Every structure is written in C-alpha cells, then in structure tokens.
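Participant: Here it is: the structure, laid out below.
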Amino acid sequence: MSIESLMSDEATQQAAVDLKKSRLFFQTRFSKLADPNDLIAEVKGERYKEYRRRFLASGRGEMILDYPLDLSVEAVDWCNYECPYCPRAVDRGSKARIDKAAFERMIDEYAARTQGLAAVGFDRGEPLIDKHLEEKVRYIADRGIVDIILTTNGVYLTPERSRKLIEAGVTKLHCSIDAATQDTYTVCRGGDLELVENNLKEFIRVRNAMGRKVPIVRVSFVVTKLNEHEMDLFVRKWADYTDYIEFQDCVDHSRIDTLPDFETGPFHCQYPFQSIAVTANGNIQPCCSFYAKHLVFGNILKGDTVGQVFNSPQQTELRRSFLEKKGYSVVCKNCRMKPPGATRSDAILVKPAYKPSHRSSPFPL
Ligand code: SF4
Ligand code: SF4
C-alpha cells in the first residue's frame, strides 16, 4: 500500500476520520492539527513562533542564516537495535558518549548566538542509553532553547525516565516503531513491541497527569517492503493517542561506502541551510544523515565550533549546489536519490539476513 493511497482505505478513514494528511520533506504526516508545532507555540508563545518562522523560511532557502538554528546531537554512538535498513545493522557504533565539557561549551555558544530561538535534537544512536540524558536536556532548557527534541526507539523509556524528561524540558518526543504487529516488529526491529507501546502510552499518561500539553508526541514508521502492509493498522492504533503520525521514506544506505556517482534531476535538502550535527565522537557535520560521515568539516574536541563549520567553505558549497540546482555532492545524491532504474525496494536492506541480537547491548552507557 502506498502512502498516497493510505487515506483512501475505508477502515483507516473510519478510524482516523479527523486526521489531516500533509506531504512534507521526505515524509507524510497525519495529524488532527494543521501543524503540531502550534500546540507548543500555545505554551511557549512568540519566541517559539519566531523560531518556527525562521526554521521554515531557511529550510526553503528563502532566508540565509549566518548561524544554524537546528543542532543535532548524538548523545551516544550506539544503538540497542540493529534494524536491517539502518547502518547500525552492520556497525552499532563506538560506544562513545559525547564529552560533557565540550557539550556544555557548545550549548553555551549555541544558546548565546541563537538567543534560544533554536532547536536541539537528540537523534542517531539511542539517546536513552545515555544515563546522563536528563541532565543534558535540563542544561539546554536552562539556557532558554525553545525546542528540545528526543528521538528514541522507546525501549528504555521507563515511566521514571519519562517523568524526568518531561520535567527537564523536552518539547517533542519522537518514537520510531515501524510496525503494528509483533511479527512485523520482529522482522524490522527484533524487540518486544508491547513493551515499547506500553512505554509510549505511559509517557503520554504521565504527561497528561502532569497537566501538560508539551512534549508533543510523534510515532513514526519507516516504510519498507517489510512493513508497508501495516500502514493502515498503524494509523488506527495510534490516531487516538499521539499528536501526530509520520510515515518516512526509507533512505537507501546500501551505497554508503561505495558512493557511486550518477546523474539526477534537481532536488533540495534543507539541512545545510539551517542545521548542524555533532556526533558523540565530536565530529561536526551539516546533518544527522549517516551519509554525512563523508562530510565531517570539524570536531568540537579540537576546538572547532558549530558556527565555524556552518560558515565553512564546505557547507557553503553544499548550500550553493541546492540554490543553483547543480553540482551536487555525490554524498547528497546518494543520500537523497536513487540511481537511474533503481526501484523503491532495491537494495534497501543493509543487512538482508536479519538475526535480532539487541539483548547484548550495554545499558546504560
Ligand atoms: S532503532 Fe533507529 S538507530 Fe537503532 S538500528 Fe533501528 S533505525 Fe537504526
Ligand atoms: S547528506 Fe546531503 S542530502 Fe543528505 S541530509 Fe545531509 S546535506 Fe542533506
């Protein structure tokens, strides 16, 4: 079933009658709200609205920023899962945790330069493996950053950590699930679906019991041949619980080390215009894509700053390629596009013969 046809399914229409569908950058969103960010704006007010205005305009290339307003942080270079469409399937990471002093220096500069009208997102790796994650969230919130995003697979989202994260100041919780039944979850992720679903529902219950609308909650589903038959069931399962549901196109990571060059038509990527990403090893990249391991332009442990890298010749050149719609980096082509003749299901699986082994993961780091 395609994303486009999903809402024509009769049963889905019945269950998700109030949900609106919108096609976004590389994803399709279902929500009761035109923009779920409006809920946060109700709580945070004009500063949040101004940040979102700058975020949307810069992402379209209509406003050229001199400093990023979207900072992605990899708290730990490790994941407890090895999903077969993810590079973590073949390399879970180094187990590095981001250096505390360098992290705090970076956040201090970021908060000062953006005046807090900005986002910090914990993605890549599994941030809840970091036993100091709540302290990091509080550090960011205390410096006035208006948007703090946590992307997790939900396995370690215990009720106690849920309460601490909400109190610390998370504004968005993104939970990636990718399945509606245990059979499909086993194939896609290899863990206990009921545990994750219960953790997420408990997070929402705790938030509501605290009388809060924020953090808003998203569930997401990376569409592959392994799970596309469960898209409608996924909407029906989560429509009444979460603030929004997102179906995401699967990035084909199978070419991540070979980087074949090929011709493409014009395409756009918002990240070099508004974002910067810092890995647990301190590397500074223009985005959190796994492909960006080929786009390391600095390192916070060597004294480089996110502002320097955002204005570096390398990141400026990426922006130029998208503005002029020519001369794209081969890294970006492989990240966003498929070679001529490739179909949606071609070479999506980094690890086709999937044998779940997530229980061997160290936790917490
Ligand atoms: S949970 Fe996310 S980061 Fe971890 S292996 Fe799966 S897709 Fe990759
Ligand atoms: S690698 Fe290039 S195309 Fe992919 S997200 Fe990063 S900047 Fe965008």
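In the structure tokens, each chain is lettered A, B, ... as it comes, each chain's residues begin at 1, and ligands are numbered from 1 in order of appearance.
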Could you list, as a ChimeraX atom specification, every residue within 8 Å of Leu295 (chain A), counting only C-alpha atoms and ignoring same-chain residues fewer than 5 positions away?
Facilitator: /A:285-286,331
Participant: Among region 151-336 of chain A, which ones does DSSP place in alpha helix (DSSP H), written as a ChimeraX atom specification?
Facilitator: /A:159-168,182-188,193-209,231-238,271-274,306-310,313-324,330-336
Participant: Rank nothing, just name the residue among A:Asn199, A:Gln270, A:Thr28, A:Asn153 nearest to ligand 2, using only C-alpha atoms and all ligand atoms.
Facilitator: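 Nearest candidate to ligand 2 out of A:Asn199, A:Gln270, A:Thr28, A:Asn153: A:Gln270.
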Participant: I'd like the neighbourhood of Thr224 (chain A) as a PyMOL selection string, where a residue qualifies if any of its atoms comes within 10 Å (using only C-alpha atoms), though same-chain residues fewer than 4 positions away should be ignored.
Facilitator: chain A and resi 85+178+188+228-229+248-251+344-345+348-349
Participant: Distance limit 10 Å, reference ligand 2, atoms considered: only C-alpha atoms and all ligand atoms. Which residues make the cut? Give them as a PyMOL selection string.
Facilitator: chain A and resi 251+267-273+275-277+285-295+315+318-319+322+328-337
Participant: Only N, CA and C atoms, please: the residues just picked out, written as an mmCIF file, in the first residue's frame.
Facilitator:
data_model
loop_
_atom_site.group_PDB
_atom_site.id
_atom_site.type_symbol
_atom_site.label_atom_id
_atom_site.label_comp_id
_atom_site.auth_asym_id
_atom_site.auth_seq_id
_atom_site.Cartn_x
_atom_site.Cartn_y
_atom_site.Cartn_z
ATOM 1 N N VAL A 251 15.672 5.812 3.603
ATOM 2 C CA VAL A 251 16.924 6.167 2.924
ATOM 3 C C VAL A 251 17.656 4.861 2.609
ATOM 4 N N PHE A 267 17.091 18.486 -6.996
ATOM 5 C CA PHE A 267 16.490 18.110 -5.714
ATOM 6 C C PHE A 267 16.971 19.090 -4.653
ATOM 7 N N HIS A 268 16.273 19.094 -3.529
ATOM 8 C CA HIS A 268 16.603 20.063 -2.480
ATOM 9 C C HIS A 268 16.804 19.341 -1.162
ATOM 10 N N CYS A 269 17.682 19.873 -0.337
ATOM 11 C CA CYS A 269 17.824 19.404 1.037
ATOM 12 C C CYS A 269 17.924 20.621 1.940
ATOM 13 N N GLN A 270 17.115 20.627 2.983
ATOM 14 C CA GLN A 270 17.054 21.795 3.857
ATOM 15 C C GLN A 270 18.222 21.870 4.840
ATOM 16 N N TYR A 271 18.850 20.725 5.098
ATOM 17 C CA TYR A 271 19.783 20.691 6.234
ATOM 18 C C TYR A 271 20.954 21.673 6.151
ATOM 19 N N PRO A 272 21.663 21.787 5.026
ATOM 20 C CA PRO A 272 22.813 22.710 5.035
ATOM 21 C C PRO A 272 22.420 24.165 5.279
ATOM 22 N N PHE A 273 21.122 24.487 5.124
ATOM 23 C CA PHE A 273 20.654 25.864 5.283
ATOM 24 C C PHE A 273 20.312 26.216 6.731
ATOM 25 N N SER A 275 20.922 23.572 9.616
ATOM 26 C CA SER A 275 21.293 22.564 10.609
ATOM 27 C C SER A 275 22.785 22.380 10.755
ATOM 28 N N ILE A 276 23.108 21.730 11.845
ATOM 29 C CA ILE A 276 24.464 21.249 12.080
ATOM 30 C C ILE A 276 24.296 20.020 12.975
ATOM 31 N N ALA A 277 25.181 19.056 12.828
ATOM 32 C CA ALA A 277 25.076 17.844 13.649
ATOM 33 C C ALA A 277 26.428 17.546 14.268
ATOM 34 N N GLN A 285 29.124 17.900 11.406
ATOM 35 C CA GLN A 285 28.672 17.612 10.038
ATOM 36 C C GLN A 285 27.481 18.518 9.726
ATOM 37 N N PRO A 286 27.103 18.628 8.438
ATOM 38 C CA PRO A 286 25.974 19.501 8.122
ATOM 39 C C PRO A 286 24.611 18.900 8.470
ATOM 40 N N CYS A 287 24.560 17.619 8.793
ATOM 41 C CA CYS A 287 23.265 16.971 9.023
ATOM 42 C C CYS A 287 23.486 15.672 9.789
ATOM 43 N N CYS A 288 22.384 15.066 10.224
ATOM 44 C CA CYS A 288 22.493 13.838 11.007
ATOM 45 C C CYS A 288 22.413 12.583 10.137
ATOM 46 N N SER A 289 22.385 12.749 8.812
ATOM 47 C CA SER A 289 22.358 11.582 7.928
ATOM 48 C C SER A 289 23.584 10.709 8.164
ATOM 49 N N PHE A 290 23.387 9.390 8.093
ATOM 50 C CA PHE A 290 24.548 8.502 8.196
ATOM 51 C C PHE A 290 25.521 8.764 7.042
ATOM 52 N N TYR A 291 25.003 9.211 5.892
ATOM 53 C CA TYR A 291 25.881 9.530 4.761
ATOM 54 C C TYR A 291 26.854 10.663 5.102
ATOM 55 N N ALA A 292 26.505 11.473 6.089
ATOM 56 C CA ALA A 292 27.345 12.631 6.407
ATOM 57 C C ALA A 292 28.648 12.247 7.091
ATOM 58 N N LYS A 293 28.886 10.958 7.285
ATOM 59 C CA LYS A 293 30.220 10.584 7.778
ATOM 60 C C LYS A 293 31.275 10.976 6.732
ATOM 61 N N HIS A 294 30.829 11.224 5.489
ATOM 62 C CA HIS A 294 31.745 11.704 4.449
ATOM 63 C C HIS A 294 31.803 13.229 4.404
ATOM 64 N N LEU A 295 31.065 13.891 5.293
ATOM 65 C CA LEU A 295 31.005 15.365 5.278
ATOM 66 C C LEU A 295 31.405 15.921 6.649
ATOM 67 N N GLN A 315 30.417 23.762 3.777
ATOM 68 C CA GLN A 315 28.959 23.815 3.946
ATOM 69 C C GLN A 315 28.346 24.889 3.042
ATOM 70 N N LEU A 318 27.770 23.265 -0.232
ATOM 71 C CA LEU A 318 26.541 22.441 -0.257
ATOM 72 C C LEU A 318 25.317 23.329 -0.496
ATOM 73 N N ARG A 319 25.255 24.454 0.216
ATOM 74 C CA ARG A 319 24.111 25.366 0.026
ATOM 75 C C ARG A 319 24.051 25.854 -1.419
ATOM 76 N N PHE A 322 22.433 23.442 -3.840
ATOM 77 C CA PHE A 322 20.963 23.374 -3.782
ATOM 78 C C PHE A 322 20.311 24.662 -4.301
ATOM 79 N N TYR A 328 25.799 18.970 -7.443
ATOM 80 C CA TYR A 328 25.535 18.359 -6.128
ATOM 81 C C TYR A 328 26.702 17.480 -5.687
ATOM 82 N N SER A 329 26.914 17.414 -4.384
ATOM 83 C CA SER A 329 27.876 16.474 -3.813
ATOM 84 C C SER A 329 27.396 15.046 -4.092
ATOM 85 N N VAL A 330 28.325 14.161 -4.403
ATOM 86 C CA VAL A 330 27.953 12.767 -4.620
ATOM 87 C C VAL A 330 27.384 12.157 -3.333
ATOM 88 N N VAL A 331 27.800 12.683 -2.201
ATOM 89 C CA VAL A 331 27.262 12.200 -0.917
ATOM 90 C C VAL A 331 25.767 12.517 -0.843
ATOM 91 N N CYS A 332 25.407 13.753 -1.177
ATOM 92 C CA CYS A 332 23.994 14.155 -1.121
ATOM 93 C C CYS A 332 23.162 13.394 -2.149
ATOM 94 N N LYS A 333 23.723 13.155 -3.324
ATOM 95 C CA LYS A 333 22.963 12.394 -4.329
ATOM 96 C C LYS A 333 22.620 11.011 -3.785
ATOM 97 N N ASN A 334 23.591 10.352 -3.191
ATOM 98 C CA ASN A 334 23.339 9.002 -2.690
ATOM 99 C C ASN A 334 22.408 9.003 -1.491
ATOM 100 N N CYS A 335 22.467 10.074 -0.689
ATOM 101 C CA CYS A 335 21.597 10.169 0.484
ATOM 102 C C CYS A 335 20.141 10.354 0.081
ATOM 103 N N ARG A 336 19.887 11.206 -0.914
ATOM 104 C CA ARG A 336 18.511 11.597 -1.208
ATOM 105 C C ARG A 336 17.908 10.926 -2.439
ATOM 106 N N MET A 337 18.763 10.455 -3.353
ATOM 107 C CA MET A 337 18.250 9.986 -4.632
ATOM 108 C C MET A 337 18.633 8.529 -4.870
#
Participant: Using only C-alpha atoms and all ligand atoms, which residues of the polymer chains come no farther than 6 Å from ligand 1? I'd like the answer as a list in words.
Facilitator: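 Written in the requested form, the residues are Cys79, Tyr81, Glu82, Cys83, Cys86, Arg88, Ala89, Arg124, Gly125 and Asn153 of chain A.
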Participant: Keeping C-alpha atoms for every residue in the selection just given, could you write it to a file as a compact mmCIF listing (two decimals), in the first residue's frame?
Facilitator:
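New file selection_31.txt:
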# COMPACT_ATOMS: atom_id res chain seq x y z
CA CYS A 79 22.04 1.58 19.46
CA TYR A 81 18.76 -2.36 17.89
CA GLU A 82 20.18 -3.31 14.52
CA CYS A 83 17.30 -2.63 12.15
CA CYS A 86 19.96 1.08 9.12
CA ARG A 88 23.63 0.24 12.71
CA ALA A 89 22.77 -3.20 11.38
CA ARG A 124 21.12 8.98 15.84
CA GLY A 125 22.17 6.24 18.21
CA ASN A 153 13.06 3.59 19.83
Participant: Counting only C-alpha atoms, which of A:Glu62, A:Asp38, A:Glu197, A:Glu202 gets nearest to Val214 (chain A)?
Facilitator: A:Asp38
Participant: One decimal, in Å: what's the spacing between CA of Gly307 (chain A) and CA of Lys95 (chain A)?
Facilitator: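 Value for the CA of Gly307 (chain A)-CA of Lys95 (chain A) distance: 26.5 Å.
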Participant: Rank nothing, just name the residue among A:Ile284, A:Val206, A:Val155, A:Ile148 nearest to Val296 (chain A), using only C-alpha atoms.
Facilitator: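 Nearest to Val296 (chain A): A:Ile284.
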Participant: Any idea what's packed within 7 Å of Ala119 (chain A), counting only C-alpha atoms, ignoring anything in its chain fewer than 3 positions away? Could you give it as a list of chain:residue names?
Facilitator: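 After dropping sequence-adjacent residues, the list is A:Leu69, A:Asp70, A:Leu71, A:Ile145, A:Val146, A:Asp147, A:Ile148.
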